[in-house]
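Following: one structure in structure tokens, then a few remarks.
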Amino acid sequence: MVNEKIKQSIEILKEKKIDMWLTFVRESATVPDPALELILGSHVTWASAFIITLSGRKTAIVGSLDAQNIKDHADYEVLDYLDSVKDTLLRVLKETDPQHIAINYSTNDVTADGLSYGMYLMLQEYLSGTEYADRLVSSEDILSALRGRKSPDELRRIKAAIKETLQIFDQVTEYVKPGLSEKDVQDFIVNIVQEKGLGLAWNPEHCPAVFTGPDTAGAHAMPTKRKIKPGHIMNIDFGVKKDDYVSDLQRTWYFLRENESSPPPEVIKGFETIRDAIKKAASVLKPGVQGVEVDTAARQFIVDAGYDEFLHGLGHQVGREAHDGSTLLCPAWDRYKNLPYRRVEEGQVFTIEPRLTVEGYGVATIEEIVVVTKDGCEFLSDPQEELIVIG
């Protein structure tokens, strides 16, 4: 996988017309750069430089004690040092003479912002007095493409994680009933995950997140002792990690009251509005559109149906992490900086996850995962078409 992503990065450098990409790290197990999981798959101790050029040269300048580990993990020309990384780094720069050196900083994309300020100062010190000091640029565009454009093997792993998650949701449907608490449901799911030998896709405190009825704590909160009651909408936000890749899906259930044979019309309308908003977004999602355009399509659909707009972005990329990559399907809010305006690319994998409140019942939400294709998108998850009803 690492060598596959290194090869892909060389093609991206050619496309972006950037001579060199430099990842500069130290003690990376303690202060990791997100790029390392893509181009190394291991960690280093001493100050280290991982250099990839558009000509295809791949160089790792590492401390002598790290050298063998790097050779074991990735296809680099390994140059080791004892005293300082500086001399070897400058020598490689002179041999290559890059006009642009992309380094891992970004004000927009956290996954491209792995260079610590201390390491940046060290790099400036090493380059001081050379022509290379003024050739530093952000690697944001490189990492956005590298992390976002999923390879066939990456897609295979994401699909496997999705399959496991949907199977667990089916087990939840057999298990849940009024009287159980949100925490009971969380514990049930976590036990299955552990039995299967899988990992959780994000922080275990709220993976899964379980919400039942009105007045829930809201997204990203921990499950509570709140009991499921007849007349409640329940939704679960959950994903697993399998073979280093994750899923991130949401499903919605309704618990019938004693005198009900089907959910109330307002509950059905809320669910179907969310379901159809996802279809609307998917119809807009294709290479070249801005993320804000996709978000607007779903957001306006929900508002036109008479509901308040949801208070978050419509979708994010999924891969090694639940929130993976830079381009977002989101509104043009300042907190997202320039991410709403980035263009969607073929091979990116997104969630689509609108939500709305059905007053007196709870929150209706679905989260699906799609991959962007040449001229549109394709669902990787089996879409929830009907509200799951528990009698």
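Every chain in the structure tokens takes a letter, A first, then B, and so on in the order presented; its residues are numbered from 1, and the ligands are numbered from 1 following the presented order.
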Shell around A:Val371 at 8 Å using only C-alpha atoms, local window under 2 positions removed, as a PyMOL selection string: chain A and resi 346-350+369+373+377-380
Same residues, N, CA and C atoms, saved as a PDB file, in the first residue's frame:
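Below is the file that was written, selection.pdb:
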```pdb
ATOM      1  N   GLU A 346     -12.424  12.519  -9.129  1.00  0.00           N
ATOM      2  CA  GLU A 346     -12.705  11.099  -9.279  1.00  0.00           C
ATOM      3  C   GLU A 346     -11.855  10.290  -8.307  1.00  0.00           C
ATOM      4  N   GLY A 347     -12.468   9.303  -7.696  1.00  0.00           N
ATOM      5  CA  GLY A 347     -11.759   8.442  -6.747  1.00  0.00           C
ATOM      6  C   GLY A 347     -11.906   8.854  -5.306  1.00  0.00           C
ATOM      7  N   GLN A 348     -12.431  10.055  -5.047  1.00  0.00           N
ATOM      8  CA  GLN A 348     -12.653  10.461  -3.653  1.00  0.00           C
ATOM      9  C   GLN A 348     -13.857   9.725  -3.085  1.00  0.00           C
ATOM     10  N   VAL A 349     -13.796   9.434  -1.793  1.00  0.00           N
ATOM     11  CA  VAL A 349     -14.878   8.740  -1.095  1.00  0.00           C
ATOM     12  C   VAL A 349     -15.466   9.685  -0.058  1.00  0.00           C
ATOM     13  N   PHE A 350     -16.763   9.930  -0.160  1.00  0.00           N
ATOM     14  CA  PHE A 350     -17.439  10.884   0.720  1.00  0.00           C
ATOM     15  C   PHE A 350     -18.572  10.227   1.497  1.00  0.00           C
ATOM     16  N   ILE A 369     -22.149   6.255   2.226  1.00  0.00           N
ATOM     17  CA  ILE A 369     -20.801   6.468   1.694  1.00  0.00           C
ATOM     18  C   ILE A 369     -20.825   6.225   0.198  1.00  0.00           C
ATOM     19  N   THR A 373     -17.152   8.810  -9.272  1.00  0.00           N
ATOM     20  CA  THR A 373     -16.777   8.117 -10.502  1.00  0.00           C
ATOM     21  C   THR A 373     -16.463   9.128 -11.599  1.00  0.00           C
ATOM     22  N   CYS A 377     -21.367   9.608  -9.134  1.00  0.00           N
ATOM     23  CA  CYS A 377     -20.920   8.897  -7.937  1.00  0.00           C
ATOM     24  C   CYS A 377     -21.673   7.587  -7.817  1.00  0.00           C
ATOM     25  N   GLU A 378     -21.108   6.692  -7.022  1.00  0.00           N
ATOM     26  CA  GLU A 378     -21.676   5.356  -6.828  1.00  0.00           C
ATOM     27  C   GLU A 378     -21.731   5.072  -5.337  1.00  0.00           C
ATOM     28  N   PHE A 379     -22.852   4.535  -4.867  1.00  0.00           N
ATOM     29  CA  PHE A 379     -22.995   4.211  -3.449  1.00  0.00           C
ATOM     30  C   PHE A 379     -22.160   2.975  -3.115  1.00  0.00           C
ATOM     31  N   LEU A 380     -21.322   3.101  -2.094  1.00  0.00           N
ATOM     32  CA  LEU A 380     -20.572   1.956  -1.584  1.00  0.00           C
ATOM     33  C   LEU A 380     -21.359   1.244  -0.482  1.00  0.00           C
TER      34      LEU A 380
END
```
Which of stretch 21-232 of chain A DSSP labels strand (DSSP E), written as a ChimeraX atom specification: /A:21-25,48-53,58-63,77-81,101-103,136-138,199-200,209-212
Write to file, as a short mmCIF file (atom, residue, chain, number, x, y, z; two decimals), in the first residue's frame, the residues of the selection just made, with N, CA and C atoms.
```cif
data_model
loop_
_atom_site.label_atom_id
_atom_site.label_comp_id
_atom_site.auth_asym_id
_atom_site.auth_seq_id
_atom_site.Cartn_x
_atom_site.Cartn_y
_atom_site.Cartn_z
N TRP A 21 8.61 17.14 -2.98
CA TRP A 21 7.78 17.12 -1.78
C TRP A 21 8.66 16.63 -0.63
N LEU A 22 8.73 17.43 0.42
CA LEU A 22 9.59 17.15 1.56
C LEU A 22 8.74 17.00 2.82
N THR A 23 8.81 15.83 3.44
CA THR A 23 8.16 15.59 4.73
C THR A 23 9.26 15.53 5.79
N PHE A 24 9.23 16.46 6.73
CA PHE A 24 10.31 16.65 7.70
C PHE A 24 9.76 16.37 9.09
N VAL A 25 10.28 15.35 9.76
CA VAL A 25 9.70 14.88 11.02
C VAL A 25 10.78 14.45 12.01
N SER A 48 14.26 13.59 10.42
CA SER A 48 14.30 12.80 9.19
C SER A 48 13.60 13.55 8.07
N ALA A 49 14.11 13.36 6.86
CA ALA A 49 13.53 13.99 5.67
C ALA A 49 13.16 12.93 4.66
N PHE A 50 11.88 12.92 4.27
CA PHE A 50 11.42 12.01 3.23
C PHE A 50 11.13 12.85 2.00
N ILE A 51 11.89 12.61 0.95
CA ILE A 51 11.87 13.45 -0.25
C ILE A 51 11.40 12.63 -1.44
N ILE A 52 10.38 13.15 -2.11
CA ILE A 52 9.88 12.54 -3.34
C ILE A 52 9.88 13.62 -4.42
N THR A 53 10.43 13.32 -5.60
CA THR A 53 10.51 14.31 -6.65
C THR A 53 9.70 13.87 -7.87
N LYS A 58 13.23 8.94 -4.83
CA LYS A 58 12.61 8.76 -3.52
C LYS A 58 13.73 8.58 -2.50
N THR A 59 13.92 9.56 -1.65
CA THR A 59 15.05 9.57 -0.74
C THR A 59 14.57 9.73 0.70
N ALA A 60 15.11 8.91 1.58
CA ALA A 60 14.85 9.04 3.01
C ALA A 60 16.18 9.33 3.70
N ILE A 61 16.27 10.49 4.33
CA ILE A 61 17.46 10.86 5.10
C ILE A 61 17.10 10.69 6.56
N VAL A 62 17.68 9.68 7.19
CA VAL A 62 17.26 9.30 8.53
C VAL A 62 18.48 9.02 9.41
N GLY A 63 18.25 9.03 10.72
CA GLY A 63 19.30 8.66 11.65
C GLY A 63 19.74 7.23 11.43
N GLU A 77 15.58 5.30 -1.38
CA GLU A 77 17.04 5.35 -1.28
C GLU A 77 17.32 5.90 0.12
N VAL A 78 17.86 5.09 0.99
CA VAL A 78 18.04 5.48 2.39
C VAL A 78 19.45 6.01 2.60
N LEU A 79 19.54 7.25 3.06
CA LEU A 79 20.81 7.89 3.40
C LEU A 79 20.79 8.14 4.90
N ASP A 80 21.70 7.50 5.62
CA ASP A 80 21.69 7.66 7.07
C ASP A 80 22.77 8.62 7.53
N TYR A 81 22.57 9.20 8.70
CA TYR A 81 23.54 10.15 9.26
C TYR A 81 23.71 9.86 10.75
N ILE A 101 9.62 23.53 -3.32
CA ILE A 101 9.74 22.47 -2.32
C ILE A 101 8.46 22.49 -1.49
N ALA A 102 7.61 21.51 -1.67
CA ALA A 102 6.34 21.45 -0.93
C ALA A 102 6.58 20.85 0.45
N ILE A 103 6.16 21.56 1.48
CA ILE A 103 6.28 21.07 2.86
C ILE A 103 4.89 21.04 3.49
N LEU A 136 9.94 27.39 -0.59
CA LEU A 136 9.02 26.54 0.16
C LEU A 136 7.57 26.91 -0.15
N VAL A 137 6.76 25.89 -0.42
CA VAL A 137 5.33 26.08 -0.68
C VAL A 137 4.56 25.03 0.11
N SER A 138 3.26 25.20 0.20
CA SER A 138 2.43 24.23 0.91
C SER A 138 2.23 22.96 0.09
N GLY A 199 -11.53 -2.76 14.85
CA GLY A 199 -11.32 -1.55 15.63
C GLY A 199 -12.49 -0.61 15.43
N LEU A 200 -12.54 0.44 16.24
CA LEU A 200 -13.55 1.47 16.09
C LEU A 200 -12.99 2.58 15.21
N ALA A 209 -22.04 6.46 18.50
CA ALA A 209 -22.90 7.45 19.12
C ALA A 209 -24.34 6.97 18.97
N VAL A 210 -25.09 6.99 20.06
CA VAL A 210 -26.46 6.49 20.07
C VAL A 210 -27.36 7.58 20.64
N PHE A 211 -28.43 7.92 19.91
CA PHE A 211 -29.33 8.99 20.34
C PHE A 211 -30.77 8.51 20.22
N THR A 212 -31.52 8.62 21.29
CA THR A 212 -32.92 8.20 21.24
C THR A 212 -33.83 9.31 21.74
#
```
Which of stretch 133-194 of chain A fall in helix (DSSP H, G or I), as a PyMOL selection string: chain A and resi 133-134+140-148+152-175+182-194
Filtering to C-alpha atoms, could you give me those residues as a PDB file, in the first residue's frame?
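Just written: again_15.pdb:
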```pdb
ATOM      1  CA  ALA A 133      14.868  29.039   1.683  1.00  0.00           C
ATOM      2  CA  ASP A 134      12.566  31.043  -0.608  1.00  0.00           C
ATOM      3  CA  GLU A 140      -1.830  20.896   0.602  1.00  0.00           C
ATOM      4  CA  ASP A 141      -2.679  20.203  -3.042  1.00  0.00           C
ATOM      5  CA  ILE A 142      -0.402  17.162  -3.129  1.00  0.00           C
ATOM      6  CA  LEU A 143      -1.803  15.628   0.034  1.00  0.00           C
ATOM      7  CA  SER A 144      -5.384  16.448  -0.898  1.00  0.00           C
ATOM      8  CA  ALA A 145      -4.981  14.469  -4.106  1.00  0.00           C
ATOM      9  CA  LEU A 146      -2.912  11.664  -2.576  1.00  0.00           C
ATOM     10  CA  ARG A 147      -5.236  11.091   0.347  1.00  0.00           C
ATOM     11  CA  GLY A 148      -8.408  11.661  -1.639  1.00  0.00           C
ATOM     12  CA  PRO A 152      -8.440  -0.070  -5.945  1.00  0.00           C
ATOM     13  CA  ASP A 153      -6.929  -1.642  -2.821  1.00  0.00           C
ATOM     14  CA  GLU A 154      -8.027   1.281  -0.673  1.00  0.00           C
ATOM     15  CA  LEU A 155     -11.571   1.001  -2.041  1.00  0.00           C
ATOM     16  CA  ARG A 156     -11.554  -2.730  -1.325  1.00  0.00           C
ATOM     17  CA  ARG A 157     -10.648  -2.068   2.300  1.00  0.00           C
ATOM     18  CA  ILE A 158     -13.278   0.664   2.714  1.00  0.00           C
ATOM     19  CA  LYS A 159     -15.940  -1.623   1.243  1.00  0.00           C
ATOM     20  CA  ALA A 160     -14.945  -4.367   3.690  1.00  0.00           C
ATOM     21  CA  ALA A 161     -15.328  -1.977   6.628  1.00  0.00           C
ATOM     22  CA  ILE A 162     -18.729  -0.850   5.316  1.00  0.00           C
ATOM     23  CA  LYS A 163     -19.914  -4.445   5.005  1.00  0.00           C
ATOM     24  CA  GLU A 164     -18.960  -5.200   8.613  1.00  0.00           C
ATOM     25  CA  THR A 165     -20.768  -2.083   9.822  1.00  0.00           C
ATOM     26  CA  LEU A 166     -23.995  -2.854   7.976  1.00  0.00           C
ATOM     27  CA  GLN A 167     -23.988  -6.393   9.360  1.00  0.00           C
ATOM     28  CA  ILE A 168     -23.651  -5.006  12.873  1.00  0.00           C
ATOM     29  CA  PHE A 169     -26.552  -2.614  12.244  1.00  0.00           C
ATOM     30  CA  ASP A 170     -28.658  -5.663  11.318  1.00  0.00           C
ATOM     31  CA  GLN A 171     -27.745  -7.234  14.666  1.00  0.00           C
ATOM     32  CA  VAL A 172     -28.722  -4.003  16.418  1.00  0.00           C
ATOM     33  CA  THR A 173     -32.170  -4.189  14.800  1.00  0.00           C
ATOM     34  CA  GLU A 174     -32.656  -7.651  16.303  1.00  0.00           C
ATOM     35  CA  TYR A 175     -31.478  -6.456  19.717  1.00  0.00           C
ATOM     36  CA  GLU A 182     -28.287   4.443  24.802  1.00  0.00           C
ATOM     37  CA  LYS A 183     -25.344   3.062  26.773  1.00  0.00           C
ATOM     38  CA  ASP A 184     -26.793  -0.476  26.579  1.00  0.00           C
ATOM     39  CA  VAL A 185     -26.883  -0.205  22.793  1.00  0.00           C
ATOM     40  CA  GLN A 186     -23.344   1.154  22.680  1.00  0.00           C
ATOM     41  CA  ASP A 187     -22.052  -1.709  24.830  1.00  0.00           C
ATOM     42  CA  PHE A 188     -23.832  -4.265  22.634  1.00  0.00           C
ATOM     43  CA  ILE A 189     -22.142  -2.869  19.515  1.00  0.00           C
ATOM     44  CA  VAL A 190     -18.700  -2.582  21.078  1.00  0.00           C
ATOM     45  CA  ASN A 191     -18.868  -6.205  22.245  1.00  0.00           C
ATOM     46  CA  ILE A 192     -19.568  -7.332  18.671  1.00  0.00           C
ATOM     47  CA  VAL A 193     -16.688  -5.237  17.351  1.00  0.00           C
ATOM     48  CA  GLN A 194     -14.326  -6.819  19.878  1.00  0.00           C
TER      49      GLN A 194
END
```
Contacts of A:Lys374 within 7 Å, only C-alpha atoms, excl. fewer than 2 positions in-chain, as a PyMOL selection string: chain A and resi 287+346+372+376
Could the residues in this selection be written to a file with N, CA and C atoms, as a PDB file, in the first residue's frame?
```pdb
ATOM      1  N   PRO A 287     -17.090  14.780 -10.548  1.00  0.00           N
ATOM      2  CA  PRO A 287     -15.814  15.489 -10.664  1.00  0.00           C
ATOM      3  C   PRO A 287     -16.009  16.912 -11.192  1.00  0.00           C
ATOM      4  N   GLU A 346     -12.424  12.519  -9.129  1.00  0.00           N
ATOM      5  CA  GLU A 346     -12.705  11.099  -9.279  1.00  0.00           C
ATOM      6  C   GLU A 346     -11.855  10.290  -8.307  1.00  0.00           C
ATOM      7  N   VAL A 372     -16.693   8.844  -5.849  1.00  0.00           N
ATOM      8  CA  VAL A 372     -16.869   9.674  -7.037  1.00  0.00           C
ATOM      9  C   VAL A 372     -16.329   8.918  -8.248  1.00  0.00           C
ATOM     10  N   GLY A 376     -20.026  10.891 -12.139  1.00  0.00           N
ATOM     11  CA  GLY A 376     -21.040  10.974 -11.094  1.00  0.00           C
ATOM     12  C   GLY A 376     -20.525  10.369  -9.802  1.00  0.00           C
TER      13      GLY A 376
END
```
Among listed residues A:Asp304, A:Asp248, A:Asp276, A:Asp109, nearest A:Thr327 (using only C-alpha atoms): A:Asp109
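Summary of the local environment: counting only C-alpha atoms, residues at most 9 Å from A:Ser28, other than itself and those fewer than 3 positions away along its chain, are Val25, Val31, Pro32, Asp33, Leu36, Ser42, His43, Val44, Thr45 and Trp46 of chain A.
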